[in-house]
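Peer 1: Please read through the structure below; I'll follow up with questions.
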Amino acid sequence: MHSYLSRLNTIFFFALMCLAACGGIAALSCFIPFVNPPEEMKSLIYEVTSVNVDSLFHHHGSLRRGVRRTKFERAELTFSLDIDLRDEFHWNTKQLFVWLSADYKGKKNAITHRSSLWDMLVTAKSQALFEFEMKIPEYKLIGPDLDLRDNVVNFTLNWDIHPWIGLIQRESSSHPYQLTMPVRYDY
């Protein structure tokens with residue numbers, strides 16, 4: 001006969017295996033088309049409708065505390081968004097992390113610079129529909145290599161789908177909004 005400790009160990013690990021199997025089935029259920037329809041069947045709206053550059057400054061100073069003084073560019077801008085991500089929510093969606101990024105290629109070294117301008121955490125389906133007109137970004141667009149002036153900047157809307165169980169999926173808008181930055185600085 002087995003001891004009580006052996007029986008308790010068997011019961012505990014059997015329950016743990018059942019829980020892992022249920023979690024695996026739940027994670028795989030996101031790929032069932034009835035639960036999570038394909039992208040072409042969803043009615044998602046995600047577009048950056050306009051971006052206005054109010055001013056472009058040239059600075060000489062430190063970007064953050066403890067860093068030596070350098071030259072950099074800073075753009076003051078406003079943007080407008082239309083977003084409807086309600087179809088991304090299903091029973092396994094915990095939250096969406098939505099953000100607007102600005103991407104541009106450096107002129108000297110062809111490095112792609114990416115900066116986040118705005119972000120939002122959407123925790124309910126009712127919060128996944130919003131529209132912004134002339135919103136000021138939370139974070140500034142800063143060009144540390146002086147490559148921002150007279151350069152094409154792509155503004156892309158991105159979102160991460162955080163499930164209760166499973167892997168995080170990253171989506172982004174397929175057609176970014178393009179804007180050419182001003183040629184002259186506003187001192």
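Naming scheme: A, B, ... for chains in displayed order of the structure tokens; residues 1 onward per chain; ligands 1 onward as shown.
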Each residue of stretch 18-124 of chain A lying at most 10 Å from stretch 168-183 of chain A should get a row with its shortest atom-to-atom pair and the distance in Å to one decimal, counting only C-alpha atoms; could you produce that, ordered by chain and increasing number, as JSON lines?

Peer 2:
{"residue": "A:Ile45", "atom": "CA", "partner": "A:Ser173", "partner_atom": "CA", "distance": 9.3}
{"residue": "A:Tyr46", "atom": "CA", "partner": "A:Ser173", "partner_atom": "CA", "distance": 6.5}
{"residue": "A:Glu47", "atom": "CA", "partner": "A:Ser173", "partner_atom": "CA", "distance": 7.0}
{"residue": "A:Val48", "atom": "CA", "partner": "A:Tyr177", "partner_atom": "CA", "distance": 6.1}
{"residue": "A:Thr49", "atom": "CA", "partner": "A:Tyr177", "partner_atom": "CA", "distance": 7.5}
{"residue": "A:Ser50", "atom": "CA", "partner": "A:Tyr177", "partner_atom": "CA", "distance": 7.6}
{"residue": "A:Val51", "atom": "CA", "partner": "A:Leu179", "partner_atom": "CA", "distance": 7.5}
{"residue": "A:Asn52", "atom": "CA", "partner": "A:Leu179", "partner_atom": "CA", "distance": 8.7}
{"residue": "A:Val53", "atom": "CA", "partner": "A:Met181", "partner_atom": "CA", "distance": 7.4}
{"residue": "A:Asp54", "atom": "CA", "partner": "A:Pro182", "partner_atom": "CA", "distance": 9.7}
{"residue": "A:Ser55", "atom": "CA", "partner": "A:Pro182", "partner_atom": "CA", "distance": 8.4}
{"residue": "A:Leu56", "atom": "CA", "partner": "A:Pro182", "partner_atom": "CA", "distance": 7.2}
{"residue": "A:Ala75", "atom": "CA", "partner": "A:Met181", "partner_atom": "CA", "distance": 8.8}
{"residue": "A:Thr93", "atom": "CA", "partner": "A:Ile168", "partner_atom": "CA", "distance": 9.8}
{"residue": "A:Leu96", "atom": "CA", "partner": "A:Ile168", "partner_atom": "CA", "distance": 9.7}
{"residue": "A:Phe97", "atom": "CA", "partner": "A:Arg170", "partner_atom": "CA", "distance": 9.4}
{"residue": "A:Val98", "atom": "CA", "partner": "A:Ser172", "partner_atom": "CA", "distance": 9.4}
{"residue": "A:Trp99", "atom": "CA", "partner": "A:Ser172", "partner_atom": "CA", "distance": 9.4}
{"residue": "A:Leu100", "atom": "CA", "partner": "A:Ser172", "partner_atom": "CA", "distance": 9.6}
{"residue": "A:Ser101", "atom": "CA", "partner": "A:Pro176", "partner_atom": "CA", "distance": 9.7}
{"residue": "A:Ala102", "atom": "CA", "partner": "A:Pro176", "partner_atom": "CA", "distance": 9.3}
{"residue": "A:Asp103", "atom": "CA", "partner": "A:Gln178", "partner_atom": "CA", "distance": 9.5}
{"residue": "A:Tyr104", "atom": "CA", "partner": "A:Gln178", "partner_atom": "CA", "distance": 9.8}

Peer 1: Between atom CA of A:Gly23 and atom CA of A:Arg7, what is the distance in Å, rounded to a tenth?

Peer 2: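 The value is 24.4 Å.
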
Peer 1: Any chance you could tabulate, as a Markdown table, the residues of stretch 73-105 of chain A at most 12 Å from stretch 130-136 of chain A with each one's nearest atom pair and distance in Å to one decimal, using only C-alpha atoms, in chain and rising number order?

Peer 2:
| residue | atom | partner | partner_atom | distance |
| --- | --- | --- | --- | --- |
| A:Ala75 | CA | A:Ile136 | CA | 11.4 |
| A:Glu76 | CA | A:Ile136 | CA | 8.3 |
| A:Leu77 | CA | A:Ile136 | CA | 6.6 |
| A:Thr78 | CA | A:Ile136 | CA | 4.8 |
| A:Phe79 | CA | A:Met134 | CA | 5.0 |
| A:Ser80 | CA | A:Glu133 | CA | 4.5 |
| A:Leu81 | CA | A:Phe132 | CA | 5.0 |
| A:Asp82 | CA | A:Glu131 | CA | 4.7 |
| A:Ile83 | CA | A:Phe130 | CA | 5.5 |
| A:Asp84 | CA | A:Phe130 | CA | 6.6 |
| A:Leu85 | CA | A:Phe130 | CA | 9.0 |
| A:Arg86 | CA | A:Phe130 | CA | 10.2 |
| A:Val98 | CA | A:Phe130 | CA | 11.4 |
| A:Leu100 | CA | A:Lys135 | CA | 11.8 |

Peer 1: May I have the selected residues written with C-alpha atoms, as a short mmCIF file (atom, residue, chain, number, x, y, z; two decimals), in the first residue's frame?

Peer 2:
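Saved to again_2.cif:
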data_model
loop_
_atom_site.label_atom_id
_atom_site.label_comp_id
_atom_site.auth_asym_id
_atom_site.auth_seq_id
_atom_site.Cartn_x
_atom_site.Cartn_y
_atom_site.Cartn_z
CA ALA A 75 9.23 68.47 -33.08
CA GLU A 76 6.03 69.83 -31.56
CA LEU A 77 3.07 68.22 -33.30
CA THR A 78 -0.59 67.24 -33.04
CA PHE A 79 -2.35 64.23 -34.54
CA SER A 80 -5.83 62.87 -35.23
CA LEU A 81 -6.83 59.20 -34.94
CA ASP A 82 -9.86 57.05 -35.73
CA ILE A 83 -9.72 53.69 -33.94
CA ASP A 84 -12.25 50.88 -33.64
CA LEU A 85 -10.62 47.71 -32.28
CA ARG A 86 -13.73 46.16 -30.70
CA VAL A 98 -2.32 50.63 -28.43
CA LEU A 100 1.38 55.52 -32.15
#

Peer 1: Select from stretch 4-182 of chain A everything DSSP, run on the backbone, classes as helix (DSSP H, G or I), then give the selection as number ranges by chain.

Peer 2: A: 4-31, 39-41, 86-88, 125-127

Peer 1: Looking only at the backbone, which of the residues in chain A does DSSP tag as strand (DSSP E), as a ChimeraX atom specification?

Peer 2: /A:45-61,70-84,93-105,112-122,129-135,141-143,152-163,169-172,177-180

Peer 1: Between A:Leu167, A:Val152, A:Leu146, A:Ile161, which residue has the minimum interatomic distance to A:Arg74, considering only C-alpha atoms?

Peer 2: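 Looking at the shortest contact to A:Arg74, the residue is A:Leu146.
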